[in-house]
$ cat data-v9.pdb   # PDB, C-alpha atoms
ATOM      1  CA  MET N   1      12.299 -11.998 -27.458
ATOM      2  CA  SER N   2      15.389 -13.907 -26.448
ATOM      3  CA  ARG N   3      16.674 -14.400 -22.939
ATOM      4  CA  GLU N   4      19.725 -12.359 -23.956
ATOM      5  CA  VAL N   5      17.578  -9.348 -24.830
ATOM      6  CA  GLU N   6      15.572  -9.679 -21.605
ATOM      7  CA  ASP N   7      18.809  -9.844 -19.652
ATOM      8  CA  LEU N   8      20.242  -6.788 -21.437
ATOM      9  CA  ASN N   9      17.025  -4.830 -20.814
ATOM     10  CA  ARG N  10      17.191  -5.704 -17.140
ATOM     11  CA  ARG N  11      20.834  -4.588 -16.863
ATOM     12  CA  LEU N  12      20.089  -1.337 -18.694
ATOM     13  CA  LEU N  13      17.170  -0.721 -16.347
ATOM     14  CA  ARG N  14      19.518  -1.277 -13.417
ATOM     15  CA  ALA N  15      21.871   1.354 -14.871
ATOM     16  CA  ARG N  16      18.978   3.760 -15.407
ATOM     17  CA  ASP N  17      17.941   3.233 -11.786
ATOM     18  CA  ALA N  18      21.514   4.064 -10.769
ATOM     19  CA  MET N  19      21.187   7.401 -12.582
ATOM     20  CA  ASP N  20      17.888   8.061 -10.823
ATOM     21  CA  ARG N  21      19.510   7.413  -7.456
ATOM     22  CA  ALA N  22      22.736   9.332  -8.055
ATOM     23  CA  TYR N  23      21.641  12.151 -10.378
ATOM     24  CA  ALA N  24      23.043  14.732  -7.937
ATOM     25  CA  GLU N  25      26.530  13.270  -8.113
ATOM     26  CA  PRO N  26      29.119  13.980 -10.829
ATOM     27  CA  LEU N  27      28.179  10.909 -12.872
ATOM     28  CA  ASP N  28      30.538   9.366 -15.356
ATOM     29  CA  VAL N  29      28.988   7.478 -18.267
ATOM     30  CA  ARG N  30      31.614   4.763 -18.049
ATOM     31  CA  ALA N  31      30.732   4.078 -14.416
ATOM     32  CA  VAL N  32      27.030   3.877 -15.237
ATOM     33  CA  ALA N  33      27.760   1.575 -18.180
ATOM     34  CA  ALA N  34      29.663  -0.647 -15.776
ATOM     35  CA  VAL N  35      26.446  -1.153 -13.806
ATOM     36  CA  ALA N  36      25.086  -2.840 -16.924
ATOM     37  CA  TYR N  37      28.332  -4.788 -17.444
ATOM     38  CA  ILE N  38      28.848  -3.412 -20.956
ATOM     39  CA  SER N  39      31.207  -0.984 -22.661
ATOM     40  CA  GLU N  40      30.494   2.736 -22.788
ATOM     41  CA  ALA N  41      29.711   2.744 -26.520
ATOM     42  CA  HIS N  42      27.507  -0.364 -26.297
ATOM     43  CA  PHE N  43      25.729   1.144 -23.296
ATOM     44  CA  ILE N  44      24.885   4.413 -25.043
ATOM     45  CA  ARG N  45      23.698   2.618 -28.180
ATOM     46  CA  SER N  46      21.658   0.009 -26.302
ATOM     47  CA  PHE N  47      20.159   2.496 -23.869
ATOM     48  CA  ARG N  48      18.885   4.599 -26.738
ATOM     49  CA  THR N  49      17.410   1.567 -28.472
ATOM     50  CA  VAL N  50      15.641   0.330 -25.342
ATOM     51  CA  PHE N  51      14.520   3.589 -23.733
ATOM     52  CA  GLY N  52      14.285   5.891 -26.744
ATOM     53  CA  GLU N  53      16.849   8.462 -25.635
ATOM     54  CA  THR N  54      20.535   8.606 -24.807
ATOM     55  CA  PRO N  55      21.640   8.202 -21.177
ATOM     56  CA  HIS N  56      22.892  11.776 -21.374
ATOM     57  CA  ARG N  57      19.430  13.031 -22.257
ATOM     58  CA  TYR N  58      17.812  10.830 -19.638
ATOM     59  CA  LEU N  59      20.044  12.172 -16.869
ATOM     60  CA  GLN N  60      19.577  15.755 -17.993
ATOM     61  CA  ARG N  61      15.808  15.416 -17.850
ATOM     62  CA  ARG N  62      16.015  13.737 -14.443
ATOM     63  CA  ARG N  63      18.125  16.592 -13.054
ATOM     64  CA  VAL N  64      15.752  19.190 -14.454
ATOM     65  CA  GLU N  65      12.748  17.286 -13.082
ATOM     66  CA  ARG N  66      14.308  17.242  -9.626
ATOM     67  CA  SER N  67      15.074  20.947  -9.881
ATOM     68  CA  MET N  68      11.434  21.594 -10.814
ATOM     69  CA  PHE N  69      10.419  19.656  -7.704
ATOM     70  CA  LEU N  70      12.695  21.754  -5.490
ATOM     71  CA  LEU N  71      11.527  24.994  -7.105
ATOM     72  CA  ARG N  72       7.920  24.024  -6.337
ATOM     73  CA  GLU N  73       8.460  22.596  -2.861
ATOM     74  CA  THR N  74      11.218  24.690  -1.266
ATOM     75  CA  ASP N  75      12.435  28.256  -1.011
ATOM     76  CA  ARG N  76      16.046  27.373  -1.772
ATOM     77  CA  SER N  77      17.797  29.692  -4.192
ATOM     78  CA  VAL N  78      18.102  28.802  -7.863
ATOM     79  CA  THR N  79      21.860  28.576  -7.432
ATOM     80  CA  ASP N  80      21.564  26.156  -4.517
ATOM     81  CA  ILE N  81      19.075  24.004  -6.435
ATOM     82  CA  CYS N  82      21.380  23.992  -9.461
ATOM     83  CA  PHE N  83      24.099  22.337  -7.383
ATOM     84  CA  ASP N  84      21.608  20.171  -5.452
ATOM     85  CA  VAL N  85      20.612  18.333  -8.637
ATOM     86  CA  GLY N  86      24.074  17.830 -10.098
ATOM     87  CA  PHE N  87      24.763  20.815 -12.342
ATOM     88  CA  THR N  88      28.154  22.408 -11.829
ATOM     89  CA  SER N  89      27.426  25.907 -13.118
ATOM     90  CA  ARG N  90      24.432  28.181 -12.669
ATOM     91  CA  GLY N  91      24.651  29.398 -16.265
ATOM     92  CA  THR N  92      24.529  25.874 -17.652
ATOM     93  CA  PHE N  93      21.639  24.979 -15.380
ATOM     94  CA  VAL N  94      19.534  28.003 -16.308
ATOM     95  CA  ARG N  95      20.216  27.524 -20.024
ATOM     96  CA  THR N  96      19.401  23.812 -19.890
ATOM     97  CA  PHE N  97      16.281  24.407 -17.814
ATOM     98  CA  ARG N  98      15.041  26.997 -20.273
ATOM     99  CA  GLU N  99      15.748  24.727 -23.252
ATOM    100  CA  ILE N 100      13.821  21.831 -21.738
ATOM    101  CA  VAL N 101      11.029  23.534 -19.797
ATOM    102  CA  GLY N 102      10.600  26.604 -21.989
ATOM    103  CA  GLU N 103      11.002  29.195 -19.244
ATOM    104  CA  ALA N 104      13.570  30.283 -16.668
ATOM    105  CA  PRO N 105      13.689  28.512 -13.279
ATOM    106  CA  SER N 106      12.544  31.656 -11.461
ATOM    107  CA  ASP N 107       9.561  32.035 -13.799
ATOM    108  CA  TYR N 108       8.686  28.359 -13.357
ATOM    109  CA  ARG N 109       8.746  28.815  -9.578
ATOM    110  CA  MET N 110       6.402  31.799  -9.750
ATOM    111  CA  GLY N 111       3.869  29.857 -11.794
ATOM    112  CA  ASN N 112       3.930  26.547  -9.945
ATOM    113  CA  GLY N 113       3.251  25.590  -6.333
ATOM    114  CA  PRO N 114       3.649  22.331  -4.408
ATOM    115  CA  MET N 115       2.094  19.244  -5.978
ATOM    116  CA  VAL N 116       0.170  17.008  -3.596
ATOM    117  CA  ALA N 117       1.226  13.637  -4.995
ATOM    118  CA  PRO N 118       3.712  11.023  -3.784
ATOM    119  CA  ASN N 119       7.281  11.793  -4.742
ATOM    120  CA  CYS N 120       7.675   8.525  -6.661
ATOM    121  CA  TYR N 121       4.756   9.419  -8.922
ATOM    122  CA  GLN N 122       6.198  12.886  -9.470
ATOM    123  CA  MET N 123       9.570  11.408 -10.420
ATOM    124  CA  TRP N 124       7.895   8.851 -12.644
ATOM    125  CA  ALA N 125       5.459  11.074 -14.480
ATOM    126  CA  THR N 126       6.629  14.680 -14.418
ATOM    127  CA  ARG N 127      10.062  14.390 -16.034
ATOM    128  CA  PRO N 128       9.855  17.112 -18.693
ATOM    129  CA  VAL N 129       9.763  16.178 -22.352
ATOM    130  CA  VAL N 130      12.519  17.836 -24.342
ATOM    131  CA  ALA N 131      12.175  18.842 -27.953
ATOM    132  CA  ALA N 132      14.198  16.775 -30.429
ATOM    133  CA  GLY N 133      17.680  18.175 -30.899
ATOM    134  CA  ALA N 134      17.500  20.472 -27.889
ATOM    135  CA  ALA N 135      19.560  20.463 -24.700
ATOM    136  CA  ARG N 136      22.395  18.343 -25.928
ATOM    137  CA  ARG N 137      25.257  20.630 -25.114
ATOM    138  CA  SER N 138      25.021  21.253 -21.424
ATOM    139  CA  SER N 139      25.800  18.293 -19.224
ATOM    140  CA  SER N 140      28.854  16.857 -17.573
ATOM    141  CA  PHE N 141      27.683  13.340 -18.408
ATOM    142  CA  GLY N 142      29.068  11.718 -21.538
ATOM    143  CA  ASP N 143      28.533  14.696 -23.820
ATOM    144  CA  ALA N 144      30.770  13.651 -26.668
ATOM    145  CA  ALA N 145      29.831   9.996 -26.529
ATOM    146  CA  ALA N 146      26.138  10.780 -26.276
ATOM    147  CA  ALA N 147      26.285  13.199 -29.157
ATOM    148  CA  THR N 148      28.072  10.577 -31.228
ATOM    149  CA  ALA N 149      25.377   8.049 -30.459
ATOM    150  CA  SER N 150      22.508  10.450 -31.089
TER     151      SER N 150
ATOM    152  CA  MET Z   1     -20.944  -1.262  -3.598
ATOM    153  CA  ILE Z   2     -17.433  -2.603  -3.958
ATOM    154  CA  THR Z   3     -16.052  -3.428  -0.514
ATOM    155  CA  LYS Z   4     -12.545  -4.772  -0.978
ATOM    156  CA  LEU Z   5      -9.745  -5.285  -3.457
ATOM    157  CA  ASN Z   6      -9.643  -9.082  -3.693
ATOM    158  CA  VAL Z   7      -6.971  -9.960  -6.271
ATOM    159  CA  ALA Z   8      -4.409  -7.846  -8.094
ATOM    160  CA  SER Z   9      -2.014  -9.274 -10.675
ATOM    161  CA  ILE Z  10       1.585  -8.658 -11.518
ATOM    162  CA  MET Z  11       3.423  -9.990 -14.558
ATOM    163  CA  VAL Z  12       6.616 -11.920 -13.846
ATOM    164  CA  LEU Z  13       8.978 -13.907 -16.029
ATOM    165  CA  ASN Z  14       9.129 -16.952 -13.766
ATOM    166  CA  LYS Z  15       6.600 -17.842 -11.080
ATOM    167  CA  GLU Z  16       8.952 -19.907  -8.956
ATOM    168  CA  GLU Z  17      11.600 -17.191  -8.932
ATOM    169  CA  ALA Z  18       8.898 -14.620  -8.176
ATOM    170  CA  LEU Z  19       7.605 -16.706  -5.275
ATOM    171  CA  ASP Z  20      11.092 -16.885  -3.801
ATOM    172  CA  PHE Z  21      11.544 -13.114  -4.072
ATOM    173  CA  TYR Z  22       8.152 -12.043  -2.788
ATOM    174  CA  VAL Z  23       8.088 -14.536   0.097
ATOM    175  CA  ASN Z  24      11.692 -15.172   1.119
ATOM    176  CA  LYS Z  25      13.101 -11.724   0.331
ATOM    177  CA  LEU Z  26      10.214  -9.272   0.611
ATOM    178  CA  GLY Z  27       8.460 -11.081   3.460
ATOM    179  CA  LEU Z  28       5.030 -11.748   1.966
ATOM    180  CA  GLU Z  29       3.323 -15.085   2.486
ATOM    181  CA  LYS Z  30       2.280 -17.633  -0.074
ATOM    182  CA  GLY Z  31      -1.441 -17.566  -0.799
ATOM    183  CA  GLN Z  32      -3.062 -19.828  -3.368
ATOM    184  CA  ASP Z  33      -1.095 -22.458  -5.230
ATOM    185  CA  VAL Z  34      -3.451 -24.390  -7.479
ATOM    186  CA  LYS Z  35      -2.588 -26.316 -10.623
ATOM    187  CA  GLN Z  36      -4.925 -27.128 -13.471
ATOM    188  CA  GLY Z  37      -3.210 -28.688 -16.457
ATOM    189  CA  SER Z  38      -0.304 -26.437 -17.380
ATOM    190  CA  TYR Z  39      -1.727 -23.458 -15.480
ATOM    191  CA  ARG Z  40      -0.649 -22.680 -11.937
ATOM    192  CA  TRP Z  41      -2.632 -20.107 -10.003
ATOM    193  CA  LEU Z  42      -0.027 -18.775  -7.618
ATOM    194  CA  THR Z  43      -0.578 -15.856  -5.293
ATOM    195  CA  VAL Z  44       1.199 -14.050  -2.478
ATOM    196  CA  ARG Z  45      -0.218 -11.650   0.064
ATOM    197  CA  VAL Z  46       0.788  -9.393   2.919
ATOM    198  CA  PRO Z  47       0.730 -11.550   6.085
ATOM    199  CA  GLY Z  48      -2.684 -11.206   7.700
ATOM    200  CA  ASP Z  49      -4.212  -9.431   4.683
ATOM    201  CA  VAL Z  50      -6.869 -10.888   2.425
ATOM    202  CA  THR Z  51      -5.848  -9.244  -0.862
ATOM    203  CA  GLU Z  52      -4.090 -11.751  -3.101
ATOM    204  CA  ILE Z  53      -1.381 -10.750  -5.545
ATOM    205  CA  SER Z  54      -1.521 -13.154  -8.462
ATOM    206  CA  LEU Z  55       1.840 -13.894 -10.088
ATOM    207  CA  GLU Z  56       1.244 -14.256 -13.819
ATOM    208  CA  GLU Z  57       3.614 -15.163 -16.634
ATOM    209  CA  PRO Z  58       3.094 -13.887 -20.171
ATOM    210  CA  GLY Z  59       2.292 -16.716 -22.565
ATOM    211  CA  PRO Z  60      -0.363 -18.957 -24.052
ATOM    212  CA  PRO Z  61      -3.240 -19.475 -23.848
ATOM    213  CA  VAL Z  62      -3.799 -15.928 -22.573
ATOM    214  CA  HIS Z  63      -1.215 -14.373 -24.875
ATOM    215  CA  ASP Z  64       0.061 -15.462 -28.260
ATOM    216  CA  GLU Z  65       3.833 -15.701 -28.473
ATOM    217  CA  ALA Z  66       4.261 -12.281 -30.096
ATOM    218  CA  THR Z  67       2.190 -10.609 -27.369
ATOM    219  CA  ALA Z  68       4.041 -12.534 -24.675
ATOM    220  CA  ALA Z  69       7.349 -11.337 -26.110
ATOM    221  CA  GLN Z  70       6.111  -7.740 -26.017
ATOM    222  CA  LEU Z  71       5.065  -8.152 -22.400
ATOM    223  CA  ARG Z  72       8.408  -9.686 -21.432
ATOM    224  CA  GLU Z  73      10.153  -6.757 -23.076
ATOM    225  CA  LEU Z  74       8.005  -4.243 -21.183
ATOM    226  CA  ILE Z  75       8.533  -6.048 -17.876
ATOM    227  CA  THR Z  76      12.307  -6.063 -18.226
ATOM    228  CA  LYS Z  77      12.307  -2.399 -19.265
ATOM    229  CA  GLY Z  78      10.417  -1.538 -16.090
ATOM    230  CA  ALA Z  79       7.562  -0.158 -18.159
ATOM    231  CA  LEU Z  80       4.656  -2.003 -16.512
ATOM    232  CA  GLY Z  81       2.916  -1.015 -13.310
ATOM    233  CA  GLY Z  82       4.176  -2.154  -9.953
ATOM    234  CA  LEU Z  83       3.024  -2.534  -6.377
ATOM    235  CA  VAL Z  84       2.929  -0.153  -3.417
ATOM    236  CA  PHE Z  85       3.012  -1.586   0.116
ATOM    237  CA  LYS Z  86       2.921  -0.046   3.561
ATOM    238  CA  ALA Z  87       5.331  -0.885   6.359
ATOM    239  CA  ASP Z  88       5.625   0.071  10.015
ATOM    240  CA  ASP Z  89       9.418   0.381  10.207
ATOM    241  CA  ILE Z  90      10.763   1.311   6.800
ATOM    242  CA  ARG Z  91      14.402   1.717   7.807
ATOM    243  CA  GLY Z  92      14.382  -1.559   9.722
ATOM    244  CA  LEU Z  93      12.846  -3.257   6.704
ATOM    245  CA  TYR Z  94      15.497  -1.757   4.453
ATOM    246  CA  GLU Z  95      18.210  -3.344   6.583
ATOM    247  CA  THR Z  96      16.328  -6.636   6.628
ATOM    248  CA  LEU Z  97      16.019  -6.693   2.848
ATOM    249  CA  LYS Z  98      19.721  -5.984   2.462
ATOM    250  CA  SER Z  99      20.542  -8.806   4.871
ATOM    251  CA  ARG Z 100      18.418 -11.117   2.707
ATOM    252  CA  GLY Z 101      20.473 -10.264  -0.346
ATOM    253  CA  VAL Z 102      18.231  -7.691  -1.990
ATOM    254  CA  THR Z 103      20.383  -5.272  -3.993
ATOM    255  CA  ASP Z 104      18.090  -3.713  -6.599
ATOM    256  CA  PHE Z 105      16.997  -0.703  -4.600
ATOM    257  CA  THR Z 106      15.717   2.173  -6.697
ATOM    258  CA  GLN Z 107      15.646   4.438  -3.676
ATOM    259  CA  GLU Z 108      16.892   4.200  -0.122
ATOM    260  CA  PRO Z 109      14.428   5.239   2.637
ATOM    261  CA  THR Z 110      13.656   8.916   2.020
ATOM    262  CA  ASP Z 111      11.509  11.343   3.996
ATOM    263  CA  HIS Z 112       8.577  13.166   2.389
ATOM    264  CA  PHE Z 113       5.717  15.233   3.769
ATOM    265  CA  TYR Z 114       3.480  12.128   3.753
ATOM    266  CA  GLY Z 115       5.958   9.701   5.260
ATOM    267  CA  THR Z 116       9.117   7.794   4.461
ATOM    268  CA  ASP Z 117       9.335   5.535   1.445
ATOM    269  CA  MET Z 118      11.805   3.428  -0.486
ATOM    270  CA  GLY Z 119      11.891   1.643  -3.807
ATOM    271  CA  VAL Z 120      13.096  -1.738  -4.979
ATOM    272  CA  ARG Z 121      12.676  -3.822  -8.111
ATOM    273  CA  ASP Z 122      11.682  -7.438  -8.247
ATOM    274  CA  PRO Z 123      14.039  -9.761 -10.179
ATOM    275  CA  PHE Z 124      12.241  -9.031 -13.452
ATOM    276  CA  GLY Z 125      12.095  -5.204 -13.353
ATOM    277  CA  ASN Z 126       8.730  -4.504 -11.725
ATOM    278  CA  ALA Z 127       8.808  -1.471  -9.449
ATOM    279  CA  ILE Z 128       7.886  -1.942  -5.807
ATOM    280  CA  ARG Z 129       7.389   0.983  -3.465
ATOM    281  CA  ILE Z 130       7.130   0.654   0.293
ATOM    282  CA  LEU Z 131       5.789   3.469   2.442
ATOM    283  CA  GLN Z 132       5.802   4.148   6.150
ATOM    284  CA  GLN Z 133       3.050   6.707   6.368
ATOM    285  CA  GLY Z 134       3.203   9.644   8.733
ATOM    286  CA  LYS Z 135       4.209  13.277   8.741
ATOM    287  CA  VAL Z 136       7.914  13.979   8.500
ATOM    288  CA  PRO Z 137       8.938  17.558   9.323
ATOM    289  CA  ASN Z 138      11.109  19.502   6.863
ATOM    290  CA  ALA Z 139      10.953  16.666   4.360
ATOM    291  CA  ALA Z 140      11.043  18.459   1.011
ATOM    292  CA  LYS Z 141      14.285  17.394  -0.565
ATOM    293  CA  ALA Z 142      15.122  15.965  -3.939
TER     294      ALA Z 142
END
$ encode --input "data-v9.pdb" --output "structure tokens"
Amino acid sequence: MSREVEDLNRRLLRARDAMDRAYAEPLDVRAVAAVAYISEAHFIRSFRTVFGETPHRYLQRRRVERSMFLLRETDRSVTDICFDVGFTSRGTFVRTFREIVGEAPSDYRMGNGPMVAPNCYQMWATRPVVAAGAARRSSSFGDAAAATAS
Amino acid sequence: MITKLNVASIMVLNKEEALDFYVNKLGLEKGQDVKQGSYRWLTVRVPGDVTEISLEEPGPPVHDEATAAQLRELITKGALGGLVFKADDIRGLYETLKSRGVTDFTQEPTDHFYGTDMGVRDPFGNAIRILQQGKVPNAAKA
């Protein structure tokens, strides 16, 4: 592997870390691509090659994972949690959650209690796997560009 | 009966650059530095601790070039395991690391039920977590 590829991987990882830090904010794919010092189109294409999914999909799964954490650990309302993790509409959040997790947020909460494991391990290992082709429509983050690159 | 973790290893792309980061940025101390032919056994450790962290580069004779390339790819993708340290003043350490030029934070100091932790990556992509242990009230937040 060339130094150029190693360097690109490292910059893409830095951009992915930026999404993990700022998932609750209204992220713009161009701004995240800028973290990696590459264009939006190159970023989406390269991210998918390196990490196996589009940045759009990655962010969506991160937001849902964080919402699952809050549903397990807190008694905040589903609506509050929806906004806490970066979704801008309750309907979109519930639909996306159901597509990825397979059940509604309220049902997930009823069936799952707090998990006694460090938060970093939960973030690392409990991000839900989404079925191929699902959950592509409902995010404010680079929808059109991500769909084009998918 | 096993009594102590003696040596753990972490893969890095460049031992000299790793030594600079782990000692001059993170605040560990240099441990062993022994050369035998082309091999350099280089370790760092928490000051006052006995557990050595061996800094290892992918490559021959341990790895053939194809395997080394795979490892380098995994390192830079952040896909290999990292290290978890403890600290006594996590927020003070965070400021210290920033003053030393560390920028690759994966997480600023954040409260959890078990304490306050933060995340940073080494120059190659390895994840490092640092925890100040202790109960933090009302800590469940995303």
$ atom_distance --input "data-v9.pdb" --atom1 "CA of Leu12 (chain N)" --atom2 "CA of Lys77 (chain Z)"
7.9 Å
$ closest_atom_pairs --input "data-v9.pdb" --of "chain N" --to "chain Z" --cutoff "6 Å" --atoms "all atoms listed in the file" --output "tab-separated table"
residue	atom	partner	partner_atom	distance
N:Met1	CA	Z:Ala69	CA	5.2
N:Glu6	CA	Z:Thr76	CA	5.9
N:Asn9	CA	Z:Thr76	CA	5.5
N:Arg10	CA	Z:Thr76	CA	5.0
N:Leu13	CA	Z:Lys77	CA	5.9
N:Asp17	CA	Z:Thr106	CA	5.7
N:Arg66	CA	Z:Ala142	CA	5.9
$ resolve_selection --input "data-v9.pdb" --expression "the PyMOL selection byres ((chain Z and resi 22-34) around 7)" --output "compact mmCIF listing (two decimals) with C-alpha atoms, in the frame of the given file"
# COMPACT_ATOMS: atom_id res chain seq x y z
CA ALA Z 18 8.90 -14.62 -8.18
CA LEU Z 19 7.60 -16.71 -5.28
CA ASP Z 20 11.09 -16.89 -3.80
CA PHE Z 21 11.54 -13.11 -4.07
CA LYS Z 35 -2.59 -26.32 -10.62
CA GLN Z 36 -4.92 -27.13 -13.47
CA ARG Z 40 -0.65 -22.68 -11.94
CA TRP Z 41 -2.63 -20.11 -10.00
CA LEU Z 42 -0.03 -18.77 -7.62
CA THR Z 43 -0.58 -15.86 -5.29
CA VAL Z 44 1.20 -14.05 -2.48
CA ARG Z 45 -0.22 -11.65 0.06
CA VAL Z 46 0.79 -9.39 2.92
CA PRO Z 47 0.73 -11.55 6.08
CA GLU Z 52 -4.09 -11.75 -3.10
CA LEU Z 97 16.02 -6.69 2.85
CA ARG Z 100 18.42 -11.12 2.71
CA VAL Z 102 18.23 -7.69 -1.99
$ residues_around --input "data-v9.pdb" --residues "region 101-112 of chain N" --least-positions-apart "6" --cutoff "10 Å" --atoms "only C-alpha atoms" --output "short mmCIF file (atom, residue, chain, number, x, y, z; two decimals) with C-alpha atoms, in the frame of the given file"
data_model
loop_
_atom_site.label_atom_id
_atom_site.label_comp_id
_atom_site.auth_asym_id
_atom_site.auth_seq_id
_atom_site.Cartn_x
_atom_site.Cartn_y
_atom_site.Cartn_z
CA ARG N 61 15.81 15.42 -17.85
CA VAL N 64 15.75 19.19 -14.45
CA GLU N 65 12.75 17.29 -13.08
CA SER N 67 15.07 20.95 -9.88
CA MET N 68 11.43 21.59 -10.81
CA PHE N 69 10.42 19.66 -7.70
CA LEU N 70 12.70 21.75 -5.49
CA LEU N 71 11.53 24.99 -7.10
CA ARG N 72 7.92 24.02 -6.34
CA GLU N 73 8.46 22.60 -2.86
CA THR N 74 11.22 24.69 -1.27
CA ASP N 75 12.44 28.26 -1.01
CA SER N 77 17.80 29.69 -4.19
CA VAL N 78 18.10 28.80 -7.86
CA ILE N 81 19.08 24.00 -6.44
CA CYS N 82 21.38 23.99 -9.46
CA PHE N 93 21.64 24.98 -15.38
CA VAL N 94 19.53 28.00 -16.31
CA ARG N 95 20.22 27.52 -20.02
CA ARG N 127 10.06 14.39 -16.03
CA PRO N 128 9.86 17.11 -18.69
CA VAL N 129 9.76 16.18 -22.35
CA VAL N 130 12.52 17.84 -24.34
CA ALA N 131 12.18 18.84 -27.95
#
$ residues_near_point --input "data-v9.pdb" --point "(4.7, -1.7, 8.2)" --cutoff "12 Å" --atoms "only C-alpha atoms" --output "PyMOL selection string"
chain Z and resi 27-28+46-47+84-94+115-117+130-134
$ closest_residue --input "data-v9.pdb" --among "Z:Asp64, Z:Thr96, Z:Ile10, Z:Gly59" --to "Ile128 (chain Z)" --atoms "all atoms listed in the file"
Z:Ile10
$ atom_distance --input "data-v9.pdb" --atom1 "CA of Val50 (chain Z)" --atom2 "CA of Ala8 (chain Z)"
11.2 Å
$ atom_distance --input "data-v9.pdb" --atom1 "CA of Lys15 (chain Z)" --atom2 "CA of Thr67 (chain Z)"
18.4 Å
$ resolve_selection --input "data-v9.pdb" --expression "the PyMOL selection byres ((chain N and resi 18-35) around 6)" --output "PyMOL selection string"
chain N and resi 15-17+36-38+40+43+85-86+141-142
